[in-house]
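> Take this structure, written in structure tokens, and hold onto it; I'll ask about it next.
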Amino acid sequence: MKTNEQVNDKSSFFSLSYSFLLTFWIITLFEIVSKITSGIEISNFFITLIYKLFHDFGTVTIITLVCFPIYLVVAYFRKSWALFLIKIIFSLLVIGQFALTKYHLTTLVNLGADFLGYSFDDMFTTVTASESLSILYFIPFVIFPIAFLSIHKYFGQHSSFKPVQIGLASLLVLTLGLKLIVTDFSDTENQNKLAYFTTEIIRFQSDKNAFDVDNLVYKKEFPLVQPFDATPDVLSPFFQINEEKPNIVMIIVEGLGNEFIGKNQYRGFTPFLDALIPKSLYWENFVSNAGRTFGALPSILGSLPYGEKGFLEMNPLPSNISLVSILKANEYTTSFYCGDESSFDRKINFLEYNGIDHVIDIDKFGPSYQKTQANEGGFTWGYPDGEIFKKTLSELDSKKGPRLDIIMTLTNHEPFDFPAKKEYLKKVDSIISSNKTLQISKSEVETYKDIFACLLYTDHSIKKFMNDYAKRPDYKNTIFVITGDHRLIPIAQKDKLCRFHVPLYMYSPLLKKPQTFKSVSSHWDITPSLISFLMNNYKMNKMEKTAWMSTGLDTVKQFRNIHKIPIMQNKGSINELIYKDFLYSDGSLFKIDEDFEITKINDSETLQMMKDSLKEAKRLNAYLTKKNKIIPNSLNIYTKPAFQFSKEDLAVIKKLTKGLTYDETFFLARDFAFNKERDKARLLCNYILNEFPNYADVRTLKGRTLAWDKQYTKAETELLEVVKRTPFYSDSYIALMDLYWWSNQDTKGITIAKKGLKNKVDNPELGIKLAQAYKRVNNLAMANTVIDSVMKKNPANKELIKIKKTL
């Protein structure tokens, strides 16, 4: 009798298991059908389906083996508890598998260790950019667990254990055989999403443990430090050299992959950039060092390593230098322009560490600029590319030269929305009907019509910017550097390399001769070559040592690769390496030809060499960043560290902020301020500002506490900084008006209030305080004028009526 009960126990468990498997298979079919209906071409459909189904089986087998002992232990006490527990576990895993599948359908890449590299706010921002989170969005997350339980209920009534056992054993043998025999079987696109996610997390933790900081040593304490002339000046032969230092305008284009440029596969939708190729220095076999935007700034501006989850995620940042800090030390005015939050991906933390003079982001555009329309969920990234370039041009005359202007575009990203979109969709139709050189089918263009329209819009925005800039007197002494941050993701990738294949242009009226190069270089090479060029040809404070991850751009016309380029595809995943004419990616080896096409090869010796090289690159990355060994502080005369806390301060911060978000920490700081514990309030403000320098409410609170303590000079500095960072935020103006009243500086108060009104700060309190300031300096006429103006907009405001009577 006991034996029969044990068999029944096993039958119940395995009934759940193969119901679980069937649900995974349904999710896989959902993925494939979704791709086909959205127009995504699946090569070798039948083979892909078979591989995916077998991978699902392998994943379920492992999960079953892990869960079976748990089931038996709980079933020993009560079988119903055990069944309930396994149902919960399997249902949660079904939800997880579907969520990862949804992510894949949106991005066309699998989610892995990059999950660990993003904050909840960053992930929410990214998801809502692509999806509107309505109730309908979440319905499948309920349907699939219900489907799993329904399948289990059916098979519990209609199946026996033995045939299933035989079938599962046969599938297991086939799965193992495919894995051992078929080389393409384990390709990333075929893998089960949950298995890939788990494997990548384990790999991330394994790398983290393998490169423990205590065990990291190098023969040379600072491996990157080299004599300045170790980076040759390869650019000067191409440029006319004047006495005046040239402006540098760097345009980092969101999603601009090389496939969309020139004569490549998705050509035809970037006519201006295509026309710029024969007029520029152009590297056609150029790569980004990361598969997402987080890697662009540190690679392009600093030739810096990745850190654990991306260099920008490091806090505090290791000592480093960059194009920004070096040019600022050589009398350049440095500015950064973007249309979104500069705090996203911690861009502003890196830029401010390097002493950037001006950061113009979403908070500094003002009412005369048009934001991208919000999607159904209310999300917008910010200002579209045309507005970013328009804002850039409006700011240039107020910045003394020479200048470094870094522009980061935004629009060529989900949700691919922008002004006048209907007009650009019509232009796509026109190109389809008139352009006989398109290499893609009409149906494929229709599938990605929004994206191709977006490319046209971005291309036109760059063209207008360049044409308008050409009317400026300093155009003749300006060098434009244009590259993509990475290849855009939603269009299916033809191979493992195209995700990182981006163009690099250097265009300038100073160019003596254009040239196209087939030699391989990467984002890491831009700053070393620019610094070498400027230092060798212009009056600059010469550097004796540098600390770059690469040796500079290769200007050989023929195809070759002299660089070793490890790539962090996603935060936390350094799984690719380009070395010589080989690509190593996720355990597979590929040969790169002169057209930058790849072919999978079997070469055990080269494969092992690439594995060893990647492992060494990971070790170097860990050593440099974990031990702060990029550049010695004695050589780093260019940058300043972020706010530094004492051990005592850190202990207090840790105690007070335990379990709190940054917003909750702000509320706590505000409570401390109101309770006259202002030192604690300011400590927490500094802690938040160390992470979010543009958090206006926090900096305003800090300024107010200083004013309350009659530290008026420090308070004024903080509050003016808020006005500089967020010129359309009303509270900072009102706080400054209070400060100037308390410190008897009404003239300054009148000036700052006028600035607020000029910036169209719509808060009647600002008008009230301005009128009161005029009254205190005995200018009753202006006081009445201000009050009358404010009362027109706020006729029922009792305080305004009361003040009017006193004038």
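Order determines the names: the first chain of the structure tokens is A, the second B, and so forth; residues in each chain are numbered 1 upward, and ligands are numbered 1 upward as they are shown.
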Which residues come within 9 Å of stretch 597-609 of chain A, counting only C-alpha atoms, excluding same-chain residues fewer than 5 positions away, as a PyMOL selection string?

chain A and resi 495-498+582-584+587-592+614

> Once you have the residues from the selection above, write them out as a CSV table (one decimal), in the first residue's frame, restricted to N, CA, C and O atoms.


```
chain,number,residue,atom,x,y,z
A,495,ASP,N,23.6,39.2,-37.0
A,495,ASP,CA,24.7,38.4,-36.4
A,495,ASP,C,25.1,38.9,-35.0
A,495,ASP,O,24.6,39.9,-34.5
A,496,LYS,N,26.1,38.3,-34.4
A,496,LYS,CA,26.6,38.7,-33.1
A,496,LYS,C,27.4,40.0,-33.1
A,496,LYS,O,27.5,40.6,-32.0
A,497,LEU,N,27.8,40.5,-34.3
A,497,LEU,CA,28.7,41.6,-34.3
A,497,LEU,C,27.9,42.9,-34.6
A,497,LEU,O,28.3,44.0,-34.1
A,498,CYS,N,26.8,42.8,-35.3
A,498,CYS,CA,26.2,44.1,-35.7
A,498,CYS,C,25.6,44.9,-34.6
A,498,CYS,O,25.4,46.1,-34.7
A,582,PHE,N,39.1,38.0,-35.2
A,582,PHE,CA,38.2,37.1,-34.6
A,582,PHE,C,37.2,37.8,-33.6
A,582,PHE,O,37.5,38.8,-33.0
A,583,LEU,N,36.0,37.2,-33.5
A,583,LEU,CA,35.0,37.6,-32.5
A,583,LEU,C,34.7,36.4,-31.6
A,583,LEU,O,34.4,35.3,-32.1
A,584,TYR,N,34.9,36.6,-30.3
A,584,TYR,CA,34.4,35.6,-29.4
A,584,TYR,C,33.2,36.1,-28.7
A,584,TYR,O,33.1,37.2,-28.2
A,587,GLY,N,30.9,32.1,-25.8
A,587,GLY,CA,31.4,30.7,-25.9
A,587,GLY,C,31.7,30.3,-27.4
A,587,GLY,O,32.2,29.2,-27.6
A,588,SER,N,31.2,31.1,-28.4
A,588,SER,CA,31.4,30.7,-29.8
A,588,SER,C,32.5,31.6,-30.4
A,588,SER,O,32.7,32.7,-30.0
A,589,LEU,N,33.1,31.0,-31.4
A,589,LEU,CA,34.2,31.7,-32.1
A,589,LEU,C,33.8,32.0,-33.6
A,589,LEU,O,33.2,31.2,-34.3
A,590,PHE,N,34.1,33.3,-34.0
A,590,PHE,CA,33.7,33.7,-35.4
A,590,PHE,C,34.9,34.4,-36.0
A,590,PHE,O,35.7,35.0,-35.4
A,591,LYS,N,35.0,34.2,-37.3
A,591,LYS,CA,36.0,34.9,-38.1
A,591,LYS,C,35.4,36.1,-38.7
A,591,LYS,O,34.3,36.1,-39.3
A,592,ILE,N,36.1,37.3,-38.7
A,592,ILE,CA,35.6,38.5,-39.2
A,592,ILE,C,36.3,38.8,-40.5
A,592,ILE,O,37.6,38.7,-40.6
A,614,LEU,N,39.9,37.0,-23.0
A,614,LEU,CA,38.7,37.7,-22.4
A,614,LEU,C,38.8,37.6,-20.9
A,614,LEU,O,38.5,38.5,-20.2
```

> Residues near A:Ile734, anyone? I mean within 8 Å using only C-alpha atoms, not counting same-chain ones fewer than 6 positions away, as a list in words.

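In the requested form, the answer reads Glu765, Leu766 and Lys769 of chain A.
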
> For the selection you just gave me, I'd like the residues written to a file as a tab-separated table (two decimals), in the first residue's frame, keeping all heavy atoms.


```tsv
chain	number	residue	atom	x	y	z
A	765	GLU	N	3.24	83.53	-5.65
A	765	GLU	CA	4.05	83.88	-4.48
A	765	GLU	C	5.31	84.64	-4.89
A	765	GLU	O	5.78	85.51	-4.15
A	765	GLU	CB	4.41	82.61	-3.70
A	765	GLU	CG	5.04	82.91	-2.35
A	765	GLU	CD	5.30	81.66	-1.52
A	765	GLU	OE1	4.86	80.56	-1.93
A	765	GLU	OE2	5.94	81.78	-0.46
A	766	LEU	N	5.85	84.32	-6.06
A	766	LEU	CA	7.05	85.01	-6.53
A	766	LEU	C	6.72	86.49	-6.79
A	766	LEU	O	7.49	87.39	-6.44
A	766	LEU	CB	7.58	84.35	-7.80
A	766	LEU	CG	8.89	84.93	-8.37
A	766	LEU	CD1	10.03	84.79	-7.37
A	766	LEU	CD2	9.26	84.22	-9.68
A	769	LYS	N	6.34	88.33	-3.43
A	769	LYS	CA	7.63	88.63	-2.79
A	769	LYS	C	8.38	89.73	-3.55
A	769	LYS	O	9.09	90.54	-2.95
A	769	LYS	CB	8.47	87.36	-2.70
A	769	LYS	CG	7.91	86.34	-1.69
A	769	LYS	CD	8.81	85.13	-1.56
A	769	LYS	CE	8.20	84.11	-0.58
A	769	LYS	NZ	8.12	84.65	0.80
```

> What lies within 8 Å of A:Ala771 using only C-alpha atoms, ignoring chain neighbours under 5 positions off, as a VMD selection string?

chain A and resid 782 to 784 786 to 787

> Please extract the residues of stretch 189-379 of chain A with a backbone DSSP assignment of alpha helix (DSSP H) and present them as a ChimeraX atom specification.

/A:193-210,271-276,296-302,323-328,347-353

> For a quick check of understanding, using only C-alpha atoms, which of A:Leu425, A:His460, A:Met737, A:Asp697 has the smallest distance to A:Glu716?

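Checking each candidate against A:Glu716, we get A:Met737 as the closest.
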